[in-house]
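What's in protein-v4.pdb: PDB, C-alpha atoms
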```pdb
ATOM      1  CA  MET C   1      -4.450 -18.063  12.338
ATOM      2  CA  PRO C   2      -2.163 -15.456  10.702
ATOM      3  CA  ASN C   3       0.616 -17.959  10.028
ATOM      4  CA  PRO C   4      -0.319 -21.597   9.298
ATOM      5  CA  THR C   5       1.586 -24.047  11.462
ATOM      6  CA  TYR C   6       3.063 -27.493  10.965
ATOM      7  CA  ASN C   7       0.763 -28.971  13.618
ATOM      8  CA  LYS C   8      -2.354 -27.496  12.022
ATOM      9  CA  MET C   9      -1.229 -28.758   8.611
ATOM     10  CA  MET C  10      -0.693 -32.272   9.956
ATOM     11  CA  GLU C  11      -4.074 -32.172  11.697
ATOM     12  CA  GLY C  12      -5.637 -31.406   8.318
ATOM     13  CA  ALA C  13      -3.627 -34.155   6.632
ATOM     14  CA  ALA C  14      -4.988 -36.675   9.131
ATOM     15  CA  LEU C  15      -8.556 -35.571   8.390
ATOM     16  CA  VAL C  16      -7.962 -35.982   4.654
ATOM     17  CA  ARG C  17      -6.860 -39.579   5.154
ATOM     18  CA  GLU C  18      -9.602 -40.375   7.664
ATOM     19  CA  HIS C  19     -12.419 -39.117   5.442
ATOM     20  CA  ASN C  20     -10.900 -39.877   2.038
ATOM     21  CA  VAL C  21     -11.256 -36.212   1.087
ATOM     22  CA  SER C  22     -11.308 -35.567  -2.670
ATOM     23  CA  LEU C  23     -11.082 -31.744  -2.649
ATOM     24  CA  ILE C  24      -9.704 -29.300  -0.087
ATOM     25  CA  LEU C  25     -11.619 -26.011  -0.282
ATOM     26  CA  ALA C  26      -9.744 -23.117   1.308
ATOM     27  CA  VAL C  27     -12.103 -20.321   2.343
ATOM     28  CA  GLY C  28     -10.072 -17.384   3.617
ATOM     29  CA  GLY C  29      -6.876 -15.538   2.825
ATOM     30  CA  GLY C  30      -3.363 -16.600   1.966
ATOM     31  CA  SER C  31      -2.706 -18.375   5.251
ATOM     32  CA  VAL C  32      -5.710 -20.642   4.735
ATOM     33  CA  ILE C  33      -4.787 -21.361   1.110
ATOM     34  CA  ASP C  34      -1.137 -21.982   1.999
ATOM     35  CA  CYS C  35      -2.210 -24.432   4.688
ATOM     36  CA  ALA C  36      -4.546 -26.194   2.248
ATOM     37  CA  LYS C  37      -1.663 -26.700  -0.197
ATOM     38  CA  GLY C  38       0.443 -28.030   2.664
ATOM     39  CA  ILE C  39      -2.283 -30.491   3.606
ATOM     40  CA  SER C  40      -2.570 -31.508  -0.053
ATOM     41  CA  VAL C  41       1.062 -32.618  -0.337
ATOM     42  CA  SER C  42       1.423 -33.922   3.227
ATOM     43  CA  ALA C  43      -1.622 -36.173   3.573
ATOM     44  CA  TYR C  44      -0.065 -39.067   1.671
ATOM     45  CA  CYS C  45       3.620 -38.385   2.312
ATOM     46  CA  GLU C  46       4.378 -41.719   3.930
ATOM     47  CA  ASN C  47       7.393 -42.687   6.058
ATOM     48  CA  GLU C  48       8.883 -39.203   5.836
ATOM     49  CA  ASP C  49       8.299 -35.886   7.555
ATOM     50  CA  PRO C  50       6.673 -33.698   4.863
ATOM     51  CA  PHE C  51       8.054 -30.455   6.281
ATOM     52  CA  GLN C  52      11.617 -31.757   6.129
ATOM     53  CA  LYS C  53      11.104 -33.265   2.695
ATOM     54  CA  TYR C  54       9.232 -30.462   0.964
ATOM     55  CA  TRP C  55      10.002 -27.237   2.841
ATOM     56  CA  ILE C  56      13.602 -27.904   3.918
ATOM     57  CA  GLU C  57      15.002 -30.217   1.238
ATOM     58  CA  PHE C  58      12.685 -28.917  -1.543
ATOM     59  CA  SER C  59      12.208 -32.433  -2.884
ATOM     60  CA  GLU C  60       9.874 -33.135  -5.772
ATOM     61  CA  VAL C  61       6.369 -34.160  -4.775
ATOM     62  CA  ASP C  62       6.273 -37.884  -5.535
ATOM     63  CA  ASN C  63       3.200 -38.932  -3.545
ATOM     64  CA  LYS C  64      -0.520 -38.618  -4.119
ATOM     65  CA  VAL C  65      -1.848 -35.061  -3.781
ATOM     66  CA  VAL C  66      -5.385 -33.876  -3.118
ATOM     67  CA  PRO C  67      -6.764 -31.084  -5.333
ATOM     68  CA  VAL C  68      -7.116 -27.646  -3.757
ATOM     69  CA  ALA C  69      -9.541 -24.828  -4.566
ATOM     70  CA  SER C  70     -10.124 -21.470  -2.906
ATOM     71  CA  VAL C  71     -12.700 -18.829  -2.109
ATOM     72  CA  LEU C  72     -10.771 -15.653  -1.359
ATOM     73  CA  THR C  73     -11.917 -13.519   1.584
ATOM     74  CA  MET C  74      -8.755 -11.485   2.188
ATOM     75  CA  VAL C  75      -6.311 -10.269  -0.437
ATOM     76  CA  GLY C  76      -2.548  -9.900  -0.404
ATOM     77  CA  THR C  77      -0.641 -13.118  -0.860
ATOM     78  CA  GLY C  78      -1.625 -14.143  -4.389
ATOM     79  CA  SER C  79      -1.792 -17.733  -3.124
ATOM     80  CA  GLU C  80      -5.044 -18.158  -5.026
ATOM     81  CA  MET C  81      -3.117 -18.325  -8.312
ATOM     82  CA  ASN C  82       0.288 -19.801  -7.516
ATOM     83  CA  GLY C  83       1.983 -22.793  -5.918
ATOM     84  CA  GLY C  84       3.366 -20.981  -2.894
ATOM     85  CA  SER C  85       2.920 -22.379   0.609
ATOM     86  CA  VAL C  86       4.517 -20.889   3.729
ATOM     87  CA  ILE C  87       4.359 -23.002   6.890
ATOM     88  CA  THR C  88       5.701 -22.284  10.386
ATOM     89  CA  HIS C  89       7.293 -25.179  12.266
ATOM     90  CA  GLU C  90       6.537 -24.315  15.868
ATOM     91  CA  ALA C  91       9.082 -26.604  17.517
ATOM     92  CA  THR C  92      12.053 -25.285  15.560
ATOM     93  CA  LYS C  93      10.807 -21.677  15.207
ATOM     94  CA  TYR C  94      11.358 -21.874  11.468
ATOM     95  CA  LYS C  95       8.967 -20.385   8.923
ATOM     96  CA  ALA C  96       9.652 -21.796   5.471
ATOM     97  CA  GLY C  97       8.214 -21.069   2.055
ATOM     98  CA  ARG C  98       7.998 -23.402  -0.895
ATOM     99  CA  VAL C  99       6.669 -22.917  -4.434
ATOM    100  CA  PHE C 100       5.064 -26.141  -5.595
ATOM    101  CA  PRO C 101       4.536 -27.100  -9.256
ATOM    102  CA  ALA C 102       1.362 -26.438 -11.211
ATOM    103  CA  ASN C 103      -0.497 -29.538 -10.016
ATOM    104  CA  ILE C 104      -0.637 -27.968  -6.536
ATOM    105  CA  TYR C 105      -2.075 -24.661  -7.795
ATOM    106  CA  PRO C 106      -5.759 -24.194  -6.868
ATOM    107  CA  GLU C 107      -7.998 -25.922  -9.404
ATOM    108  CA  PHE C 108     -10.184 -22.838  -9.278
ATOM    109  CA  SER C 109     -10.361 -19.673  -7.185
ATOM    110  CA  ILE C 110     -13.426 -17.525  -6.640
ATOM    111  CA  LEU C 111     -12.511 -13.843  -6.401
ATOM    112  CA  ASN C 112     -15.544 -11.851  -5.279
ATOM    113  CA  PRO C 113     -14.591  -8.474  -3.766
ATOM    114  CA  GLU C 114     -17.779  -8.443  -1.674
ATOM    115  CA  TYR C 115     -16.344 -11.298   0.401
ATOM    116  CA  THR C 116     -13.601  -8.927   1.604
ATOM    117  CA  PHE C 117     -15.835  -6.059   2.772
ATOM    118  CA  THR C 118     -15.990  -7.201   6.405
ATOM    119  CA  VAL C 119     -12.268  -7.858   6.806
ATOM    120  CA  SER C 120     -10.845  -5.552   9.493
ATOM    121  CA  GLN C 121      -8.974  -2.443   8.417
ATOM    122  CA  TYR C 122      -5.831  -3.815  10.069
ATOM    123  CA  GLN C 123      -5.912  -6.946   7.938
ATOM    124  CA  MET C 124      -6.914  -5.056   4.797
ATOM    125  CA  VAL C 125      -3.940  -2.681   4.933
ATOM    126  CA  SER C 126      -1.633  -5.524   5.947
ATOM    127  CA  GLY C 127      -2.712  -7.449   2.870
ATOM    128  CA  VAL C 128      -2.187  -4.493   0.557
ATOM    129  CA  PHE C 129       1.341  -3.977   1.828
ATOM    130  CA  ASP C 130       1.958  -7.674   1.225
ATOM    131  CA  THR C 131       0.902  -7.104  -2.392
ATOM    132  CA  MET C 132       3.212  -4.110  -2.666
ATOM    133  CA  SER C 133       6.079  -6.030  -1.103
ATOM    134  CA  HIS C 134       5.705  -8.840  -3.636
ATOM    135  CA  LEU C 135       5.934  -6.256  -6.380
ATOM    136  CA  MET C 136       8.936  -4.483  -4.844
ATOM    137  CA  GLU C 137      10.822  -7.737  -4.267
ATOM    138  CA  GLN C 138      10.617  -8.346  -8.014
ATOM    139  CA  TYR C 139      11.100  -4.702  -9.033
ATOM    140  CA  PHE C 140      14.265  -4.011  -7.048
ATOM    141  CA  SER C 141      16.433  -6.361  -9.071
ATOM    142  CA  ASP C 142      18.304  -5.544 -12.272
ATOM    143  CA  GLN C 143      18.803  -1.934 -13.305
ATOM    144  CA  GLY C 144      16.921  -1.814 -16.596
ATOM    145  CA  ALA C 145      13.314  -0.914 -17.317
ATOM    146  CA  ASN C 146      11.724  -3.888 -19.044
ATOM    147  CA  THR C 147       8.031  -4.554 -19.552
ATOM    148  CA  SER C 148       7.815  -6.292 -16.174
ATOM    149  CA  ASP C 149       8.953  -3.069 -14.491
ATOM    150  CA  TYR C 150       6.229  -1.053 -16.216
ATOM    151  CA  LEU C 151       3.635  -3.583 -15.081
ATOM    152  CA  ILE C 152       4.927  -3.453 -11.518
ATOM    153  CA  GLU C 153       4.880   0.345 -11.407
ATOM    154  CA  SER C 154       1.255   0.374 -12.566
ATOM    155  CA  LEU C 155       0.202  -2.226 -10.001
ATOM    156  CA  LEU C 156       1.976  -0.325  -7.220
ATOM    157  CA  LYS C 157       0.202   2.907  -8.171
ATOM    158  CA  SER C 158      -3.115   1.076  -8.389
ATOM    159  CA  SER C 159      -2.565  -0.412  -4.923
ATOM    160  CA  VAL C 160      -1.798   3.014  -3.446
ATOM    161  CA  ASP C 161      -4.758   4.750  -5.095
ATOM    162  CA  ASN C 162      -7.306   2.036  -4.364
ATOM    163  CA  LEU C 163      -6.276   1.512  -0.761
ATOM    164  CA  ARG C 164      -6.877   5.196  -0.120
ATOM    165  CA  VAL C 165     -10.376   4.835  -1.573
ATOM    166  CA  ALA C 166     -11.081   1.641   0.392
ATOM    167  CA  LEU C 167      -9.985   3.259   3.652
ATOM    168  CA  LYS C 168     -12.622   5.951   3.136
ATOM    169  CA  ASN C 169     -15.280   3.480   2.016
ATOM    170  CA  PRO C 170     -14.583  -0.202   2.767
ATOM    171  CA  ASP C 171     -17.616  -1.186   0.660
ATOM    172  CA  ASP C 172     -16.352   0.450  -2.525
ATOM    173  CA  TYR C 173     -16.675  -2.448  -4.949
ATOM    174  CA  GLU C 174     -14.354  -1.011  -7.595
ATOM    175  CA  ALA C 175     -11.550  -0.285  -5.127
ATOM    176  CA  ARG C 176     -11.797  -3.677  -3.430
ATOM    177  CA  SER C 177     -11.969  -5.370  -6.834
ATOM    178  CA  ASN C 178      -8.811  -3.609  -7.985
ATOM    179  CA  LEU C 179      -6.978  -4.483  -4.768
ATOM    180  CA  MET C 180      -8.015  -8.115  -5.163
ATOM    181  CA  TRP C 181      -6.821  -8.329  -8.770
ATOM    182  CA  ASN C 182      -3.600  -6.446  -7.960
ATOM    183  CA  ALA C 183      -2.730  -9.070  -5.342
ATOM    184  CA  THR C 184      -3.299 -11.919  -7.768
ATOM    185  CA  LEU C 185      -1.249 -10.336 -10.547
ATOM    186  CA  ALA C 186       1.550  -9.435  -8.139
ATOM    187  CA  LEU C 187       2.461 -13.073  -7.518
ATOM    188  CA  ASN C 188       1.113 -15.246 -10.311
ATOM    189  CA  THR C 189       4.616 -15.188 -11.899
ATOM    190  CA  ILE C 190       3.850 -12.687 -14.693
ATOM    191  CA  THR C 191       5.448  -9.650 -13.002
ATOM    192  CA  GLY C 192       8.600 -11.605 -12.220
ATOM    193  CA  LEU C 193       9.401 -12.478 -15.810
ATOM    194  CA  SER C 194      12.970 -11.501 -16.817
ATOM    195  CA  LYS C 195      13.704 -10.365 -13.234
ATOM    196  CA  THR C 196      16.360 -11.864 -10.963
ATOM    197  CA  GLN C 197      14.199 -10.875  -7.925
ATOM    198  CA  ASP C 198      15.347 -10.137  -4.386
ATOM    199  CA  TRP C 199      13.024 -11.671  -1.706
ATOM    200  CA  GLN C 200      15.352 -10.888   1.199
ATOM    201  CA  VAL C 201      12.669  -8.834   2.957
ATOM    202  CA  HIS C 202      10.405 -11.885   2.914
ATOM    203  CA  MET C 203      13.135 -14.161   4.261
ATOM    204  CA  ILE C 204      13.704 -11.838   7.214
ATOM    205  CA  GLU C 205       9.974 -11.455   7.824
ATOM    206  CA  HIS C 206       9.448 -15.208   7.808
ATOM    207  CA  GLN C 207      11.630 -15.504  10.869
ATOM    208  CA  LEU C 208      10.112 -12.429  12.476
ATOM    209  CA  GLY C 209       6.734 -14.114  12.015
ATOM    210  CA  ALA C 210       8.036 -17.406  13.386
ATOM    211  CA  TYR C 211       8.928 -15.684  16.659
ATOM    212  CA  THR C 212       6.096 -13.116  16.944
ATOM    213  CA  ASP C 213       3.219 -14.598  14.893
ATOM    214  CA  CYS C 214       2.662 -11.110  13.469
ATOM    215  CA  ALA C 215       0.513 -10.337  10.429
ATOM    216  CA  HIS C 216       2.722 -10.953   7.405
ATOM    217  CA  GLY C 217       2.152  -7.612   5.689
ATOM    218  CA  MET C 218       2.885  -5.659   8.851
ATOM    219  CA  GLY C 219       6.141  -7.519   9.339
ATOM    220  CA  LEU C 220       7.113  -6.816   5.732
ATOM    221  CA  ALA C 221       6.476  -3.092   6.224
ATOM    222  CA  ALA C 222       8.605  -2.961   9.368
ATOM    223  CA  ILE C 223      11.496  -4.611   7.538
ATOM    224  CA  SER C 224      11.195  -2.993   4.095
ATOM    225  CA  LEU C 225      11.955   0.593   5.045
ATOM    226  CA  PRO C 226      15.276   0.026   6.863
ATOM    227  CA  TYR C 227      16.256  -2.637   4.318
ATOM    228  CA  TYR C 228      15.748  -0.321   1.364
ATOM    229  CA  ARG C 229      17.637   2.463   3.095
ATOM    230  CA  LEU C 230      20.494  -0.016   3.526
ATOM    231  CA  ILE C 231      20.653  -1.198  -0.084
ATOM    232  CA  TYR C 232      19.382   1.691  -2.237
ATOM    233  CA  LYS C 233      22.828   3.029  -3.169
ATOM    234  CA  PHE C 234      23.667  -0.312  -4.772
ATOM    235  CA  GLY C 235      20.624  -0.049  -7.055
ATOM    236  CA  ILE C 236      20.375   3.707  -7.283
ATOM    237  CA  GLU C 237      18.954   3.848 -10.814
ATOM    238  CA  LYS C 238      15.975   1.669  -9.965
ATOM    239  CA  PHE C 239      15.285   3.512  -6.713
ATOM    240  CA  VAL C 240      15.313   6.802  -8.628
ATOM    241  CA  ARG C 241      12.843   5.297 -11.089
ATOM    242  CA  PHE C 242      10.689   4.057  -8.191
ATOM    243  CA  ALA C 243      10.598   7.581  -6.767
ATOM    244  CA  THR C 244       9.687   9.284 -10.019
ATOM    245  CA  GLN C 245       7.369   6.731 -11.630
ATOM    246  CA  VAL C 246       5.492   5.429  -8.571
ATOM    247  CA  TRP C 247       5.482   8.450  -6.267
ATOM    248  CA  GLY C 248       5.834  11.351  -8.725
ATOM    249  CA  ILE C 249       8.955  12.767  -7.101
ATOM    250  CA  SER C 250      10.449  15.681  -9.035
ATOM    251  CA  CYS C 251      14.073  15.373 -10.163
ATOM    252  CA  GLU C 252      14.694  19.087 -10.596
ATOM    253  CA  GLY C 253      17.780  20.335  -8.765
ATOM    254  CA  LYS C 254      18.315  17.058  -6.920
ATOM    255  CA  THR C 255      20.973  14.399  -6.900
ATOM    256  CA  GLN C 256      20.154  10.758  -7.582
ATOM    257  CA  ASN C 257      20.731  10.082  -3.905
ATOM    258  CA  GLN C 258      18.187  12.693  -2.853
ATOM    259  CA  ILE C 259      15.581  11.467  -5.320
ATOM    260  CA  ALA C 260      15.992   7.852  -4.248
ATOM    261  CA  LEU C 261      15.634   8.710  -0.568
ATOM    262  CA  GLU C 262      12.549  10.827  -1.262
ATOM    263  CA  GLY C 263      10.983   7.774  -2.889
ATOM    264  CA  ILE C 264      11.630   5.641   0.188
ATOM    265  CA  ASP C 265      10.317   8.486   2.373
ATOM    266  CA  ALA C 266       7.141   8.571   0.261
ATOM    267  CA  LEU C 267       6.676   4.845   0.876
ATOM    268  CA  GLU C 268       7.095   5.424   4.599
ATOM    269  CA  HIS C 269       4.614   8.320   4.616
ATOM    270  CA  PHE C 270       2.077   6.147   2.821
ATOM    271  CA  THR C 271       2.414   3.341   5.365
ATOM    272  CA  LYS C 272       1.844   5.780   8.226
ATOM    273  CA  GLU C 273      -1.094   7.370   6.410
ATOM    274  CA  CYS C 274      -2.760   3.958   6.133
ATOM    275  CA  GLY C 275      -2.038   2.800   9.672
ATOM    276  CA  ILE C 276       0.460   0.151   8.599
ATOM    277  CA  VAL C 277       2.739  -0.883  11.465
ATOM    278  CA  THR C 278       6.462  -0.218  10.943
ATOM    279  CA  SER C 279       7.760  -0.939  14.456
ATOM    280  CA  LEU C 280       9.255  -4.326  15.315
ATOM    281  CA  LYS C 281       8.463  -3.661  18.963
ATOM    282  CA  GLU C 282       4.803  -3.035  18.182
ATOM    283  CA  LEU C 283       4.730  -6.369  16.347
ATOM    284  CA  GLY C 284       5.955  -8.162  19.471
ATOM    285  CA  ALA C 285       9.680  -8.441  18.770
ATOM    286  CA  THR C 286      12.077  -8.106  21.696
ATOM    287  CA  LYS C 287      15.799  -7.411  21.862
ATOM    288  CA  GLU C 288      16.326 -11.004  22.948
ATOM    289  CA  MET C 289      14.565 -12.267  19.808
ATOM    290  CA  LEU C 290      16.527 -10.210  17.289
ATOM    291  CA  PRO C 291      19.765 -12.260  17.262
ATOM    292  CA  LYS C 292      17.746 -15.475  16.939
ATOM    293  CA  ILE C 293      15.684 -14.003  14.093
ATOM    294  CA  ALA C 294      18.861 -12.880  12.328
ATOM    295  CA  GLU C 295      20.723 -16.141  12.790
ATOM    296  CA  SER C 296      17.831 -18.240  11.472
ATOM    297  CA  THR C 297      17.177 -16.053   8.417
ATOM    298  CA  THR C 298      18.010 -17.531   5.024
ATOM    299  CA  ILE C 299      20.313 -15.227   3.047
ATOM    300  CA  ILE C 300      19.367 -15.367  -0.630
ATOM    301  CA  GLY C 301      21.819 -12.812  -2.005
ATOM    302  CA  LYS C 302      19.952 -11.995  -5.214
ATOM    303  CA  GLY C 303      19.282  -8.352  -4.398
ATOM    304  CA  TYR C 304      21.435  -5.310  -5.002
ATOM    305  CA  LYS C 305      23.471  -6.041  -1.874
ATOM    306  CA  LYS C 306      24.003  -9.338  -0.107
ATOM    307  CA  ILE C 307      23.485  -8.684   3.571
ATOM    308  CA  ASN C 308      25.656 -10.212   6.269
ATOM    309  CA  ILE C 309      24.300 -11.426   9.562
ATOM    310  CA  GLY C 310      25.900  -9.523  12.423
ATOM    311  CA  ARG C 311      27.774  -7.062  10.210
ATOM    312  CA  ASP C 312      25.069  -5.031   8.478
ATOM    313  CA  PRO C 313      23.076  -2.675  10.728
TER     314      PRO C 313
END
```
Step by step, read the file and then write its structure as structure tokens.
Amino acid sequence: MPNPTYNKMMEGAALVREHNVSLILAVGGGSVIDCAKGISVSAYCENEDPFQKYWIEFSEVDNKVVPVASVLTMVGTGSEMNGGSVITHEATKYKAGRVFPANIYPEFSILNPEYTFTVSQYQMVSGVFDTMSHLMEQYFSDQGANTSDYLIESLLKSSVDNLRVALKNPDDYEARSNLMWNATLALNTITGLSKTQDWQVHMIEHQLGAYTDCAHGMGLAAISLPYYRLIYKFGIEKFVRFATQVWGISCEGKTQNQIALEGIDALEHFTKECGIVTSLKELGATKEMLPKIAESTTIIGKGYKKINIGRDP
């Protein structure tokens, strides 16, 4: 399933207890690995609802956990090398993410690009935009240009270049290898060092996914473009840098505003070139859903502009 659910997680937790499982091996993409981590912490969470305790209250894990490992077959989330686990609670229509400590990280992860060759183009491009979104969430915070920013710019350019190659030849080992490694590096904490980080796009997408069950990367793409057009003026220097360093936009004879917008336009053109969905309607959202999605979204407020539910367009 594209978004692991509370019920599926609890089903797995019951199997762990029934069979005294000693290792949970996640074979798949980020959703499978996220669910495996959820099963790991939930199986022996006694007398309490694990979702409430760990994904709502963010309590420390004080019960027995089962080791997790992974064999990656789809790239994008970076879940193979971090403690992140995003679970959708079907009854409450709430999709919540939690970063668990190091003892929940996969004990090992096998990253073989050949295991991704048969993934559909839709899921491949969705995963690559997820990678890019992770990088942009960290990049579009602070106005300076520290080492983390240089790393992020390189990984973004690598993702763009290698996705274009992989779209022409899905069996290109080098391209699929680079995309796989980009995804891991994008969210194994190294690119977020010294960054305040935004993550508002992800918070909005979580609730979009809770209502539509859309592919995560596609939801991120649909939200990123209007969000960045809303906030870019509040972080103009970084958006200018994004345009020039990632997309090669020329500054000659242009204002900062023009350069920044050209960078966002270049991102939009790339998504359309690759067949990445940018329409909420195409992802299954309806007008009736939008107020509920907005009202249930967690506002983090660490980006360039803190958005307001019901007041920002």
>> Let me make sure I understand: among C:Asn162, C:Asn146, C:Ser85, C:Thr77, which one has the smallest atom-to-atom distance to Ala183 (chain C) if we use all atoms listed in the file?
In response: C:Thr77
> Just how far from CA of Ile299 (chain C) is CA of Gly38 (chain C), in Å to one decimal?
Replying inline: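 Here the two named atoms are 23.6 Å from each other.
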For region 270-273 of chain C, work out the shell of residues within 10 Å, counting only C-alpha atoms and skipping chain neighbours fewer than 2 positions away, then give it as an mmCIF file with C-alpha atoms, keeping the file's coordinate frame.
```
data_model
loop_
_atom_site.group_PDB
_atom_site.id
_atom_site.type_symbol
_atom_site.label_atom_id
_atom_site.label_comp_id
_atom_site.auth_asym_id
_atom_site.auth_seq_id
_atom_site.Cartn_x
_atom_site.Cartn_y
_atom_site.Cartn_z
ATOM 1 C CA VAL C 125 -3.940 -2.681 4.933
ATOM 2 C CA SER C 126 -1.633 -5.524 5.947
ATOM 3 C CA PHE C 129 1.341 -3.977 1.828
ATOM 4 C CA VAL C 160 -1.798 3.014 -3.446
ATOM 5 C CA ARG C 164 -6.877 5.196 -0.120
ATOM 6 C CA MET C 218 2.885 -5.659 8.851
ATOM 7 C CA ALA C 221 6.476 -3.092 6.224
ATOM 8 C CA ALA C 222 8.605 -2.961 9.368
ATOM 9 C CA LEU C 225 11.955 0.593 5.045
ATOM 10 C CA TRP C 247 5.482 8.450 -6.267
ATOM 11 C CA ILE C 264 11.630 5.641 0.188
ATOM 12 C CA ASP C 265 10.317 8.486 2.373
ATOM 13 C CA ALA C 266 7.141 8.571 0.261
ATOM 14 C CA LEU C 267 6.676 4.845 0.876
ATOM 15 C CA GLU C 268 7.095 5.424 4.599
ATOM 16 C CA GLY C 275 -2.038 2.800 9.672
ATOM 17 C CA ILE C 276 0.460 0.151 8.599
ATOM 18 C CA VAL C 277 2.739 -0.883 11.465
ATOM 19 C CA THR C 278 6.462 -0.218 10.943
#
```
>> Residue by residue, what does the PyMOL selection byres ((chain C and resi 260) around 10) grab here? Present the result as a PyMOL selection string.
In response: chain C and resi 228-229+232-233+235-244+249+251+254-259+261-266
Expected file contents, prior selection, C-alpha atoms, as an mmCIF file, in the coordinates of the input:
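Dumped to out.cif:
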```cif
data_model
loop_
_atom_site.group_PDB
_atom_site.id
_atom_site.type_symbol
_atom_site.label_atom_id
_atom_site.label_comp_id
_atom_site.auth_asym_id
_atom_site.auth_seq_id
_atom_site.Cartn_x
_atom_site.Cartn_y
_atom_site.Cartn_z
ATOM 1 C CA TYR C 228 15.748 -0.321 1.364
ATOM 2 C CA ARG C 229 17.637 2.463 3.095
ATOM 3 C CA TYR C 232 19.382 1.691 -2.237
ATOM 4 C CA LYS C 233 22.828 3.029 -3.169
ATOM 5 C CA GLY C 235 20.624 -0.049 -7.055
ATOM 6 C CA ILE C 236 20.375 3.707 -7.283
ATOM 7 C CA GLU C 237 18.954 3.848 -10.814
ATOM 8 C CA LYS C 238 15.975 1.669 -9.965
ATOM 9 C CA PHE C 239 15.285 3.512 -6.713
ATOM 10 C CA VAL C 240 15.313 6.802 -8.628
ATOM 11 C CA ARG C 241 12.843 5.297 -11.089
ATOM 12 C CA PHE C 242 10.689 4.057 -8.191
ATOM 13 C CA ALA C 243 10.598 7.581 -6.767
ATOM 14 C CA THR C 244 9.687 9.284 -10.019
ATOM 15 C CA ILE C 249 8.955 12.767 -7.101
ATOM 16 C CA CYS C 251 14.073 15.373 -10.163
ATOM 17 C CA LYS C 254 18.315 17.058 -6.920
ATOM 18 C CA THR C 255 20.973 14.399 -6.900
ATOM 19 C CA GLN C 256 20.154 10.758 -7.582
ATOM 20 C CA ASN C 257 20.731 10.082 -3.905
ATOM 21 C CA GLN C 258 18.187 12.693 -2.853
ATOM 22 C CA ILE C 259 15.581 11.467 -5.320
ATOM 23 C CA LEU C 261 15.634 8.710 -0.568
ATOM 24 C CA GLU C 262 12.549 10.827 -1.262
ATOM 25 C CA GLY C 263 10.983 7.774 -2.889
ATOM 26 C CA ILE C 264 11.630 5.641 0.188
ATOM 27 C CA ASP C 265 10.317 8.486 2.373
ATOM 28 C CA ALA C 266 7.141 8.571 0.261
#
```
>> Applying the PyMOL selection byres ((chain C and resi 99-110) around 7) to the file I just gave you, which residues come out? Please list them as a ChimeraX atom specification.
In response: /C:37,67-72,80-85,97-98,111-112
>> Which residues are near Tyr115 (chain C)? Cut-off 12 Å, all atoms listed in the file, ignore same chain within fewer than 5 positions. Put them as JSON, numbers by chain.
In response: {"C": [27, 28, 29, 71, 72, 73, 74, 75, 110, 170, 171, 173, 176, 177, 180]}
> C:Met203, C:Val61, C:Val86, C:Ala175: which is nearest Gly301 (chain C), counting all atoms listed in the file?
Replying inline: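 When distances to Gly301 (chain C) are compared using all atoms listed in the file, the smallest one comes from C:Met203.
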> Quick one: residues within 12 Å of region 288-291 of chain C, only C-alpha atoms counted, chain neighbours fewer than 4 positions away excluded, as JSON, numbers by chain?
Replying inline: {"C": [93, 204, 205, 207, 208, 209, 210, 211, 212, 280, 281, 283, 284, 295, 296, 297, 309, 310, 311, 313]}
Centre and size of axis-aligned box enclosing region 282-296 of chain C plus 5 Å each side, as JSON:
```
{"center_x": 12.7, "center_y": -10.6, "center_z": 17.2, "size_x": 26.0, "size_y": 25.2, "size_z": 21.5}
```
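Atom to atom, CA of Glu114 (chain C) and CA of Leu185 (chain C) stand 18.9 Å apart.
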> Quick one: distance from CA of Ala91 (chain C) to CA of Cys214 (chain C) in Å, one decimal?
Replying inline: 17.3 Å
> Do you know which residues the PyMOL selection byres ((chain C and resi 8-23) around 12) returns on this file, as a ChimeraX atom specification?
Replying inline: /C:1,3-7,24-26,31-46,49-51,64-70,85-90,104,106-108
>> Using all atoms listed in the file, can you tell me which of C:Ala186, C:Ala96, C:Met124, C:Leu151 comes closest to Tyr54 (chain C)?
In response: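 Under the stated criterion, the closest residue is C:Ala96.
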>> I'd like to know which of C:Asn188, C:Gln200, C:Ser250, C:Ser148 is closest to Lys306 (chain C), using all atoms listed in the file.
In response: C:Gln200
